[in-house]
Every structure is written in structure tokens, then in C-alpha cells.
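Contents: one structure, followed by commentary.
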Amino acid sequence: MTQINTDYKEKSVQFLAFSLDFVHFLIYNLFMQGDFRFESGELGFTFIKKTHAVTNPRRHFHPWWEILYITSGERTFFYGSKTVQAKAGTFLIVAPGVLHRAINPEGETCSLYNVFFSHDSSVSASSKNQIEEIHSIFPKLEPFIQLSDENALLVKSLFEKMENEITLQKKNFEVLARSVLSEIIVLVSRENNSGGFHESAFAMNEKFSEILDWVNRHYDEDLSLPGVAKEFNITASHLSRSFKAYTQFTFVEYINSLRIAESCKLLQNTRLSVLEIALKCGFGSVTQYGRWFKKLVGKTPVKYRS
């Protein structure tokens, strides 16, 4: 009787293990075939897979690092004052506070992997050191890196490995997922380049690029559309159309987006009051600052700081 019970227990354990593996298999294959998003403080970043990524509704910025890897298709990227046509094998690194937007050709989509690094207290202590090591590499790299065919396939397979680990969530999967991400970043850093990109249909002309560079340096001053137009000897209406065409922002939206991006850094890294930050960034009042901050960030400056 004892032997029968022992055999029964062993077979039950084996069946349970098989059942769990089968469930993992089904879950993995289900997610591998479609879009997938996973966010965890223990992991230290949000992992996203998109099989049919479409145009972003607007240019935006955020206070955390972001990486993006295109596995198929093409899209135009607005990044700060740069515009490039990216394709499969393009690796993008978006710095905190930089305005950016992605546009797909009309009626087309692309597939990609996307990682957003958490910037708040939800990141566990066990993941912080490894994430900080990854962050330390980013400032040394170009924002757009076109990988060789060999490395493009390798990086894609590593993202698939990350997806596998995050989907199945076996023991200590977070540690392995972060390690695979570290390997991806190191491989990309060894092929750091800004070559291989084509000017897109949205590429800025030299005159407007000069204007944008000037505005990026003087956004904290009392600027107006007629004043900037006069500075560059063009009409205000022409400047207004150029801003909308090249940045997807109106002049006022663009200026205030720059100001809000800078204010986010000051809120995080200084002890200046909200009033001091508002004035330092070029806003005429705390009320105006708060209205624009809520519009672009989604919360008040005080809540953002806390």
C-alpha cells in the first residue's frame, strides 16, 4: 500500500509539473504572437512589444530614459531638433526631457520592442544598481544607432529572450531579464554610430533648424512669435506654419514644452520653490506654469515632486 501511495504521489507531482510547463508554453506562445506589456518595480523597467505600432498622437517628453528597437517596417522620428527615417535594425535612445514623436507612413505599421525605465520609488533596491549601470552608458551613445545585419539579428534574439523570461516568470526571471538587457546595451554601445540614416520628408530646412536651435537656447526668456520672426527677418505667419509643420507643435506649445521639461529636472534635482522654478523657466506666473504643467505632465508640480 505504501509503495502504491508513493507511486501515486510521484505521478501526481510529475503531472502537476507537466501541467505548469504546458500552461507556461501556452501563455508564452499567446503573447509572442501579439502585443505585450509588463511593468514591475522589481524588474526596474516597463517592457513593451508592439507588433503593429502606429503613429504617436503628438510629440511628448518624459522624465525617464527610453529605448526602442525596430524589428520590421519603417517610421519617421522627431527627436529634439533632429528628424530621421528609421528602419528595421534601428536602435533609439530617448533621453529624459527631450521632445520626440514617431510617425508611420500612412496606412502602415511597424513592429518594435520598447523599454521605459522607472524613475520613482517603485524600483526595488535589488534592481537599482544594475539599472544605474545601464543608465551610465546612455549619455555616451548617439540617439539613433543603425546596427549591422549580424548585430540586428542578435539584438532581436536577445529581446525575444527577455520576452520569454518576462512572460513565463520562472524563478528569479527579473535578474535574468535585466542581465539580458545589459547585454543588449553593451552590444549596441560597441556599434555606436549615427550613420545609415536618410533625411525624411519631414526633414527641417537649414533656416528653420537655425531658428529652432536659437529657441532651444532662449526658451526661458520672454519670447513671442512676432519677436522671434523679427529676429530672423521672416513673417510671423511663415514662422507659425514652419513650427507646426516641422515640430507638430504650435510656437507657444513648443516653447512651453521646453520650459516644462526643464522644470521637471529642477523639481527633481533642486530645492527651489515652485514659484522660483516657474520664473526661472520663463513662465510669467505660477498659475500659467501650473496650467501648462498639468496639461503636459498630467499632474501638478507639487505632486510630481512628491
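A note on labels: chains of the C-alpha cells are A, B, ... as shown, every chain counts residues from 1, and ligands are counted from 1 in their shown order.
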Could you build a table of the residues in segment 29-83 of chain A lying no more than 8 Å from segment 255-264 of chain A, giving for each the nearest pair of atoms and their separation in Å rounded to one decimal place, using only C-alpha atoms, ordered by chain and ascending residue number, as a tab-separated table?
residue	atom	partner	partner_atom	distance
A:Phe61	CA	A:Ala261	CA	7.2
A:His62	CA	A:Ala261	CA	7.8
A:Pro63	CA	A:Cys264	CA	7.1
Would you save the residues from that selection as a JSON list (two decimals), in the first residue's frame, using C-alpha atoms?
[["chain", "number", "residue", "atom", "x", "y", "z"],
["A", 61, "PHE", "CA", 8.59, 64.06, -23.38],
["A", 62, "HIS", "CA", 9.02, 62.19, -20.10],
["A", 63, "PRO", "CA", 11.46, 62.27, -17.16]]
(request) Write out as a list in words which residues come within 10 Å of Asn216 of chain A when counting only C-alpha atoms, dropping same-chain ones fewer than 2 positions away. (result) Gly80, Ser81, Glu210, Ile211, Leu212, Asp213, Trp214, His218, Tyr219, Asp220, Tyr254, Ile255, Leu258 and Arg259 of chain A
Would you write out those residues with N, CA and C atoms, as a tab-separated table (two decimals), in the first residue's frame?
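Output below, filename selection.tsv:
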chain	number	residue	atom	x	y	z
A	80	GLY	N	14.02	65.99	-30.53
A	80	GLY	CA	14.58	67.32	-30.33
A	80	GLY	C	14.45	68.11	-31.62
A	81	SER	N	15.60	68.50	-32.17
A	81	SER	CA	15.59	69.23	-33.44
A	81	SER	C	16.03	68.34	-34.60
A	210	GLU	N	18.14	76.48	-37.76
A	210	GLU	CA	18.83	77.57	-37.06
A	210	GLU	C	17.89	78.26	-36.07
A	211	ILE	N	16.66	78.49	-36.50
A	211	ILE	CA	15.66	79.12	-35.62
A	211	ILE	C	15.39	78.24	-34.41
A	212	LEU	N	15.23	76.96	-34.66
A	212	LEU	CA	14.92	76.03	-33.56
A	212	LEU	C	16.06	75.96	-32.56
A	213	ASP	N	17.29	75.93	-33.05
A	213	ASP	CA	18.44	75.92	-32.15
A	213	ASP	C	18.46	77.17	-31.28
A	214	TRP	N	18.11	78.31	-31.88
A	214	TRP	CA	18.10	79.58	-31.13
A	214	TRP	C	17.01	79.55	-30.05
A	218	HIS	N	17.02	79.96	-25.85
A	218	HIS	CA	16.42	81.16	-25.27
A	218	HIS	C	15.00	80.96	-24.76
A	219	TYR	N	14.58	79.70	-24.60
A	219	TYR	CA	13.19	79.43	-24.23
A	219	TYR	C	12.79	80.02	-22.88
A	220	ASP	N	13.78	80.28	-21.99
A	220	ASP	CA	13.47	80.79	-20.66
A	220	ASP	C	13.31	82.32	-20.64
A	254	TYR	N	5.41	74.62	-28.26
A	254	TYR	CA	6.80	74.20	-28.28
A	254	TYR	C	7.60	74.88	-27.16
A	255	ILE	N	7.47	76.20	-27.06
A	255	ILE	CA	8.20	76.95	-26.04
A	255	ILE	C	7.85	76.43	-24.64
A	258	LEU	N	9.33	73.01	-23.78
A	258	LEU	CA	10.73	73.12	-23.36
A	258	LEU	C	10.82	73.58	-21.91
A	259	ARG	N	10.03	74.56	-21.55
A	259	ARG	CA	10.04	75.09	-20.20
A	259	ARG	C	9.60	74.04	-19.18
(request) Using only C-alpha atoms, determine which residues lie at most 12 Å from Asn129 of chain A, disregarding the query and same-chain residues fewer than 5 positions distant; provide the list as a PyMOL selection string. (result) chain A and resi 43-44+123-124+134-136+175+178-179+182
(request) Excluding segment 140-157 of chain A and residues on its chain fewer than 2 positions from it, collect all residues at most 9 Å away from it, counting only C-alpha atoms, and give them as a VMD selection string. (result) chain A and resid 69 to 71 79 84 86 to 95 113 136 to 138 159 to 162 183 to 184 187 to 189 191 to 197
Just N, CA and C atoms for this one: save the residues we selected as an mmCIF file, in the first residue's frame.
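Output file again.cif is given in full below:
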data_model
loop_
_atom_site.group_PDB
_atom_site.id
_atom_site.type_symbol
_atom_site.label_atom_id
_atom_site.label_comp_id
_atom_site.auth_asym_id
_atom_site.auth_seq_id
_atom_site.Cartn_x
_atom_site.Cartn_y
_atom_site.Cartn_z
ATOM 1 N N TYR A 69 13.601 49.559 -30.182
ATOM 2 C CA TYR A 69 14.284 48.810 -31.239
ATOM 3 C C TYR A 69 13.263 48.348 -32.275
ATOM 4 N N ILE A 70 13.466 48.757 -33.514
ATOM 5 C CA ILE A 70 12.540 48.411 -34.597
ATOM 6 C C ILE A 70 12.954 47.076 -35.212
ATOM 7 N N THR A 71 12.011 46.133 -35.269
ATOM 8 C CA THR A 71 12.305 44.812 -35.830
ATOM 9 C C THR A 71 11.790 44.650 -37.259
ATOM 10 N N TYR A 79 13.145 63.955 -32.996
ATOM 11 C CA TYR A 79 13.854 63.866 -31.713
ATOM 12 C C TYR A 79 14.564 65.191 -31.465
ATOM 13 N N VAL A 84 14.795 61.808 -38.463
ATOM 14 C CA VAL A 84 15.432 60.736 -39.219
ATOM 15 C C VAL A 84 14.404 59.710 -39.654
ATOM 16 N N ALA A 86 13.885 55.916 -39.745
ATOM 17 C CA ALA A 86 14.424 54.705 -39.140
ATOM 18 C C ALA A 86 13.779 53.469 -39.764
ATOM 19 N N LYS A 87 14.489 52.352 -39.684
ATOM 20 C CA LYS A 87 14.015 51.109 -40.288
ATOM 21 C C LYS A 87 14.379 49.946 -39.381
ATOM 22 N N ALA A 88 14.101 48.725 -39.843
ATOM 23 C CA ALA A 88 14.446 47.541 -39.062
ATOM 24 C C ALA A 88 15.938 47.550 -38.749
ATOM 25 N N GLY A 89 16.271 47.265 -37.498
ATOM 26 C CA GLY A 89 17.671 47.284 -37.081
ATOM 27 C C GLY A 89 18.095 48.604 -36.475
ATOM 28 N N THR A 90 17.169 49.573 -36.400
ATOM 29 C CA THR A 90 17.475 50.866 -35.785
ATOM 30 C C THR A 90 17.213 50.790 -34.288
ATOM 31 N N PHE A 91 18.200 51.234 -33.524
ATOM 32 C CA PHE A 91 18.095 51.283 -32.063
ATOM 33 C C PHE A 91 18.048 52.742 -31.649
ATOM 34 N N LEU A 92 17.028 53.125 -30.871
ATOM 35 C CA LEU A 92 16.866 54.519 -30.473
ATOM 36 C C LEU A 92 16.981 54.662 -28.962
ATOM 37 N N ILE A 93 17.635 55.731 -28.540
ATOM 38 C CA ILE A 93 17.793 56.042 -27.126
ATOM 39 C C ILE A 93 17.241 57.439 -26.894
ATOM 40 N N VAL A 94 16.167 57.529 -26.127
ATOM 41 C CA VAL A 94 15.499 58.803 -25.873
ATOM 42 C C VAL A 94 15.849 59.275 -24.464
ATOM 43 N N ALA A 95 16.503 60.425 -24.372
ATOM 44 C CA ALA A 95 16.925 60.969 -23.079
ATOM 45 C C ALA A 95 15.758 61.624 -22.356
ATOM 46 N N TYR A 113 10.318 46.659 -30.107
ATOM 47 C CA TYR A 113 10.413 46.462 -28.665
ATOM 48 C C TYR A 113 10.703 47.816 -28.034
ATOM 49 N N SER A 136 24.274 54.615 -17.058
ATOM 50 C CA SER A 136 25.573 55.286 -17.186
ATOM 51 C C SER A 136 26.124 55.208 -18.606
ATOM 52 N N ILE A 137 25.651 54.252 -19.389
ATOM 53 C CA ILE A 137 26.133 54.083 -20.767
ATOM 54 C C ILE A 137 25.404 55.025 -21.728
ATOM 55 N N PHE A 138 24.134 55.297 -21.468
ATOM 56 C CA PHE A 138 23.298 56.034 -22.407
ATOM 57 C C PHE A 138 23.863 57.390 -22.842
ATOM 58 N N PHE A 159 16.108 40.356 -27.328
ATOM 59 C CA PHE A 159 14.814 40.894 -26.904
ATOM 60 C C PHE A 159 13.788 39.766 -26.783
ATOM 61 N N GLU A 160 13.830 38.806 -27.706
ATOM 62 C CA GLU A 160 12.919 37.671 -27.633
ATOM 63 C C GLU A 160 13.192 36.836 -26.389
ATOM 64 N N LYS A 161 14.443 36.725 -26.014
ATOM 65 C CA LYS A 161 14.801 36.007 -24.783
ATOM 66 C C LYS A 161 14.246 36.736 -23.557
ATOM 67 N N MET A 162 14.374 38.071 -23.555
ATOM 68 C CA MET A 162 13.789 38.867 -22.473
ATOM 69 C C MET A 162 12.287 38.649 -22.401
ATOM 70 N N GLU A 183 23.200 43.100 -21.663
ATOM 71 C CA GLU A 183 23.945 42.565 -22.807
ATOM 72 C C GLU A 183 23.559 43.301 -24.093
ATOM 73 N N ILE A 184 22.278 43.592 -24.249
ATOM 74 C CA ILE A 184 21.812 44.342 -25.421
ATOM 75 C C ILE A 184 22.484 45.709 -25.485
ATOM 76 N N LEU A 187 26.183 45.508 -26.437
ATOM 77 C CA LEU A 187 26.338 45.226 -27.866
ATOM 78 C C LEU A 187 26.081 46.471 -28.705
ATOM 79 N N VAL A 188 25.031 47.195 -28.362
ATOM 80 C CA VAL A 188 24.708 48.418 -29.099
ATOM 81 C C VAL A 188 25.806 49.457 -28.930
ATOM 82 N N SER A 189 26.350 49.570 -27.726
ATOM 83 C CA SER A 189 27.393 50.568 -27.465
ATOM 84 C C SER A 189 28.653 50.296 -28.277
ATOM 85 N N GLU A 191 28.665 49.339 -31.264
ATOM 86 C CA GLU A 191 28.398 49.728 -32.648
ATOM 87 C C GLU A 191 27.808 51.134 -32.681
ATOM 88 N N ASN A 192 28.186 51.945 -31.722
ATOM 89 C CA ASN A 192 27.653 53.303 -31.605
ATOM 90 C C ASN A 192 27.975 54.120 -32.847
ATOM 91 N N ASN A 193 26.940 54.572 -33.539
ATOM 92 C CA ASN A 193 27.130 55.361 -34.757
ATOM 93 C C ASN A 193 25.857 56.128 -35.038
ATOM 94 N N SER A 194 25.975 57.119 -35.867
ATOM 95 C CA SER A 194 24.789 57.872 -36.289
ATOM 96 C C SER A 194 24.635 57.819 -37.800
ATOM 97 N N GLY A 195 25.330 56.877 -38.428
ATOM 98 C CA GLY A 195 25.289 56.793 -39.887
ATOM 99 C C GLY A 195 24.159 55.901 -40.371
ATOM 100 N N GLY A 196 23.979 55.863 -41.675
ATOM 101 C CA GLY A 196 22.986 54.985 -42.271
ATOM 102 C C GLY A 196 21.572 55.518 -42.260
ATOM 103 N N PHE A 197 21.380 56.774 -41.867
ATOM 104 C CA PHE A 197 20.039 57.324 -41.799
ATOM 105 C C PHE A 197 19.769 58.240 -42.984
#
(message) Which residues are close to Val302 of chain A, i.e. within 10 Å by only C-alpha atoms, leaving aside same-chain residues fewer than 3 positions away? Reply as a ChimeraX atom specification.
(response) /A:267,273-274,290,299,305-306
(request) Using only C-alpha atoms, determine which residues lie at most 12 Å from Glu253 of chain A, disregarding the query and same-chain residues fewer than 6 positions distant; provide the list as a list in words. (result)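 My list of contacting residues is Arg58, Arg59, His60, Leu99, Tyr219, Ser224, Leu225, Ser240, Phe243, Lys244, Thr247, Arg259, Ile260, Trp292, Phe293, Lys295 and Leu296 of chain A.
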Since we have the selection now, will you write its residues out, keeping N, CA, C and O atoms, as a short mmCIF file (atom, residue, chain, number, x, y, z; two decimals), in the first residue's frame?
data_model
loop_
_atom_site.label_atom_id
_atom_site.label_comp_id
_atom_site.auth_asym_id
_atom_site.auth_seq_id
_atom_site.Cartn_x
_atom_site.Cartn_y
_atom_site.Cartn_z
N ARG A 58 0.97 62.69 -30.65
CA ARG A 58 1.59 64.01 -30.51
C ARG A 58 3.03 63.87 -30.03
O ARG A 58 3.44 62.83 -29.52
N ARG A 59 3.80 64.95 -30.19
CA ARG A 59 5.14 64.98 -29.61
C ARG A 59 5.02 65.10 -28.11
O ARG A 59 4.10 65.72 -27.58
N HIS A 60 5.93 64.48 -27.41
CA HIS A 60 5.85 64.45 -25.96
C HIS A 60 7.25 64.28 -25.37
O HIS A 60 8.22 64.09 -26.09
N LEU A 99 11.87 66.27 -26.36
CA LEU A 99 10.64 66.15 -27.13
C LEU A 99 10.83 65.15 -28.27
O LEU A 99 11.82 65.22 -29.00
N TYR A 219 14.58 79.70 -24.60
CA TYR A 219 13.19 79.43 -24.23
C TYR A 219 12.79 80.02 -22.88
O TYR A 219 11.61 80.25 -22.60
N SER A 224 8.06 85.82 -28.02
CA SER A 224 6.78 85.89 -28.72
C SER A 224 7.01 85.51 -30.17
O SER A 224 8.13 85.63 -30.69
N LEU A 225 5.97 85.06 -30.82
CA LEU A 225 6.10 84.67 -32.23
C LEU A 225 6.54 85.85 -33.10
O LEU A 225 7.50 85.70 -33.87
N SER A 240 5.00 80.57 -37.92
CA SER A 240 3.95 79.77 -37.30
C SER A 240 3.71 78.48 -38.08
O SER A 240 3.61 77.39 -37.50
N PHE A 243 6.69 76.02 -37.62
CA PHE A 243 6.67 75.32 -36.34
C PHE A 243 5.71 74.14 -36.37
O PHE A 243 6.04 73.04 -35.92
N LYS A 244 4.54 74.36 -36.90
CA LYS A 244 3.54 73.30 -36.94
C LYS A 244 3.97 72.17 -37.87
O LYS A 244 3.80 70.98 -37.55
N THR A 247 7.63 70.59 -36.19
CA THR A 247 7.68 70.10 -34.81
C THR A 247 6.38 69.46 -34.36
O THR A 247 6.35 68.86 -33.28
N ARG A 259 10.03 74.56 -21.55
CA ARG A 259 10.04 75.09 -20.20
C ARG A 259 9.60 74.04 -19.18
O ARG A 259 10.22 73.90 -18.11
N ILE A 260 8.57 73.29 -19.51
CA ILE A 260 8.08 72.25 -18.60
C ILE A 260 9.12 71.14 -18.44
O ILE A 260 9.35 70.63 -17.34
N TRP A 292 0.08 74.74 -17.65
CA TRP A 292 0.84 74.03 -18.68
C TRP A 292 1.43 72.72 -18.15
O TRP A 292 1.50 71.72 -18.87
N PHE A 293 1.85 72.73 -16.90
CA PHE A 293 2.43 71.52 -16.32
C PHE A 293 1.38 70.41 -16.27
O PHE A 293 1.65 69.26 -16.65
N LYS A 295 -1.24 70.13 -18.12
CA LYS A 295 -1.59 69.75 -19.48
C LYS A 295 -0.58 68.77 -20.08
O LYS A 295 -0.97 67.80 -20.75
N LEU A 296 0.71 69.00 -19.84
CA LEU A 296 1.75 68.19 -20.48
C LEU A 296 2.21 66.99 -19.65
O LEU A 296 2.62 65.97 -20.20
#
(request) If you run DSSP over the backbone, which residues in segment 56-296 of chain A end up helix (DSSP H, G or I)? Put them as a PyMOL selection string. (result) chain A and resi 125-140+149-168+173-189+206-218+225-231+236-247+251-269+274-280+286-296
(request) Rank nothing, just name the residue among A:Gly227, A:Gly97, A:Phe249, A:Phe117 nearest to Pro57 of chain A, using only C-alpha atoms. (result)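 Ranking A:Gly227, A:Gly97, A:Phe249, A:Phe117 by distance to Pro57 of chain A, first place goes to A:Phe249.
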(request) Quote the spacing between atom CA of Gly73 of chain A and atom CA of Asn164 of chain A in Å to one decimal place. (result) 22.7 Å
(request) Write out as a list in words which residues come within 10 Å of Ala53 of chain A when counting only C-alpha atoms, dropping same-chain ones fewer than 3 positions away. (result) Asp35, Lys49, Lys50, Asn56, Ile70, Gly73, Arg75, Ala102, Ile103, Asn104, Glu108, Thr109, Cys110, Ser111, Leu112 and Tyr113 of chain A
Generate the output file for the selected residues, all heavy atoms, as a short mmCIF file (atom, residue, chain, number, x, y, z; two decimals), in the first residue's frame.
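Final output, selection_11.cif:
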data_model
loop_
_atom_site.label_atom_id
_atom_site.label_comp_id
_atom_site.auth_asym_id
_atom_site.auth_seq_id
_atom_site.Cartn_x
_atom_site.Cartn_y
_atom_site.Cartn_z
N ASP A 35 0.82 41.84 -29.10
CA ASP A 35 1.38 42.90 -28.28
C ASP A 35 1.50 42.44 -26.83
O ASP A 35 0.71 41.61 -26.36
CB ASP A 35 0.51 44.14 -28.35
CG ASP A 35 0.55 44.79 -29.74
OD1 ASP A 35 1.30 44.29 -30.59
OD2 ASP A 35 -0.16 45.78 -29.95
N LYS A 49 6.17 45.15 -26.15
CA LYS A 49 6.31 44.63 -27.51
C LYS A 49 5.10 45.07 -28.31
O LYS A 49 3.96 44.90 -27.87
CB LYS A 49 6.39 43.11 -27.51
CG LYS A 49 6.39 42.49 -28.92
CD LYS A 49 6.25 40.99 -28.84
CE LYS A 49 6.14 40.37 -30.24
NZ LYS A 49 5.96 38.90 -30.19
N LYS A 50 5.33 45.67 -29.49
CA LYS A 50 4.24 46.07 -30.37
C LYS A 50 4.44 45.42 -31.73
O LYS A 50 5.50 45.55 -32.33
CB LYS A 50 4.19 47.59 -30.52
CG LYS A 50 3.80 48.32 -29.24
CD LYS A 50 3.70 49.83 -29.48
CE LYS A 50 3.29 50.56 -28.20
NZ LYS A 50 3.19 52.02 -28.43
N ASN A 56 2.42 58.00 -33.16
CA ASN A 56 2.11 58.64 -31.88
C ASN A 56 1.18 59.82 -32.11
O ASN A 56 1.38 60.57 -33.08
CB ASN A 56 3.37 59.14 -31.19
CG ASN A 56 4.28 58.03 -30.72
OD1 ASN A 56 5.48 58.06 -30.95
ND2 ASN A 56 3.73 57.03 -30.08
N ILE A 70 13.47 48.76 -33.51
CA ILE A 70 12.54 48.41 -34.60
C ILE A 70 12.95 47.08 -35.21
O ILE A 70 14.10 46.89 -35.62
CB ILE A 70 12.54 49.50 -35.68
CG1 ILE A 70 12.12 50.84 -35.08
CG2 ILE A 70 11.60 49.12 -36.82
CD1 ILE A 70 12.16 51.98 -36.06
N GLY A 73 9.56 47.10 -40.63
CA GLY A 73 8.87 48.32 -41.03
C GLY A 73 9.74 49.56 -40.92
O GLY A 73 10.94 49.47 -40.65
N ARG A 75 9.64 54.04 -39.78
CA ARG A 75 8.91 55.18 -39.22
C ARG A 75 9.84 56.38 -39.13
O ARG A 75 11.05 56.24 -39.05
CB ARG A 75 8.27 54.84 -37.87
CG ARG A 75 9.18 54.38 -36.81
CD ARG A 75 8.49 53.95 -35.50
NE ARG A 75 7.08 54.15 -35.38
CZ ARG A 75 6.40 54.06 -34.23
NH1 ARG A 75 7.05 53.82 -33.11
NH2 ARG A 75 5.11 54.25 -34.18
N ALA A 102 6.94 59.70 -33.05
CA ALA A 102 7.16 58.75 -34.14
C ALA A 102 5.97 58.77 -35.08
O ALA A 102 4.81 58.77 -34.65
CB ALA A 102 7.35 57.34 -33.59
N ILE A 103 6.25 58.81 -36.39
CA ILE A 103 5.19 58.84 -37.40
C ILE A 103 5.42 57.71 -38.40
O ILE A 103 6.51 57.59 -38.98
CB ILE A 103 5.17 60.19 -38.14
CG1 ILE A 103 4.78 61.32 -37.17
CG2 ILE A 103 4.20 60.15 -39.31
CD1 ILE A 103 4.74 62.68 -37.82
N ASN A 104 4.41 56.90 -38.60
CA ASN A 104 4.49 55.83 -39.60
C ASN A 104 3.98 56.33 -40.94
O ASN A 104 3.12 57.23 -40.99
CB ASN A 104 3.63 54.64 -39.16
CG ASN A 104 4.27 53.85 -38.05
OD1 ASN A 104 4.60 54.40 -37.00
ND2 ASN A 104 4.43 52.57 -38.26
N GLU A 108 0.48 52.35 -42.73
CA GLU A 108 1.46 51.30 -42.43
C GLU A 108 1.77 51.26 -40.94
O GLU A 108 1.58 52.23 -40.21
CB GLU A 108 2.75 51.54 -43.22
CG GLU A 108 2.57 51.43 -44.73
CD GLU A 108 3.88 51.55 -45.48
OE1 GLU A 108 4.95 51.35 -44.84
OE2 GLU A 108 3.86 51.86 -46.67
N THR A 109 2.25 50.11 -40.50
CA THR A 109 2.66 49.93 -39.11
C THR A 109 4.07 49.35 -39.09
O THR A 109 4.62 49.01 -40.13
CB THR A 109 1.72 48.97 -38.36
OG1 THR A 109 1.78 47.67 -38.99
CG2 THR A 109 0.28 49.48 -38.39
N CYS A 110 4.63 49.24 -37.89
CA CYS A 110 5.93 48.58 -37.76
C CYS A 110 5.91 47.78 -36.45
O CYS A 110 5.05 47.97 -35.59
CB CYS A 110 7.07 49.59 -37.76
SG CYS A 110 7.07 50.72 -36.37
N SER A 111 6.84 46.86 -36.32
CA SER A 111 6.95 46.08 -35.09
C SER A 111 8.20 46.53 -34.34
O SER A 111 9.21 46.90 -34.94
CB SER A 111 7.01 44.58 -35.40
OG SER A 111 8.13 44.29 -36.23
N LEU A 112 8.12 46.48 -33.01
CA LEU A 112 9.22 47.00 -32.21
C LEU A 112 9.18 46.49 -30.78
O LEU A 112 8.17 45.96 -30.32
CB LEU A 112 9.17 48.54 -32.20
CG LEU A 112 7.86 49.21 -31.74
CD1 LEU A 112 7.79 49.34 -30.22
CD2 LEU A 112 7.70 50.58 -32.39
N TYR A 113 10.32 46.66 -30.11
CA TYR A 113 10.41 46.46 -28.66
C TYR A 113 10.70 47.82 -28.03
O TYR A 113 11.44 48.63 -28.59
CB TYR A 113 11.54 45.48 -28.32
CG TYR A 113 11.20 44.04 -28.62
CD1 TYR A 113 11.71 43.40 -29.75
CD2 TYR A 113 10.38 43.31 -27.76
CE1 TYR A 113 11.41 42.08 -30.02
CE2 TYR A 113 10.06 41.99 -28.03
CZ TYR A 113 10.58 41.38 -29.16
OH TYR A 113 10.27 40.06 -29.43
#
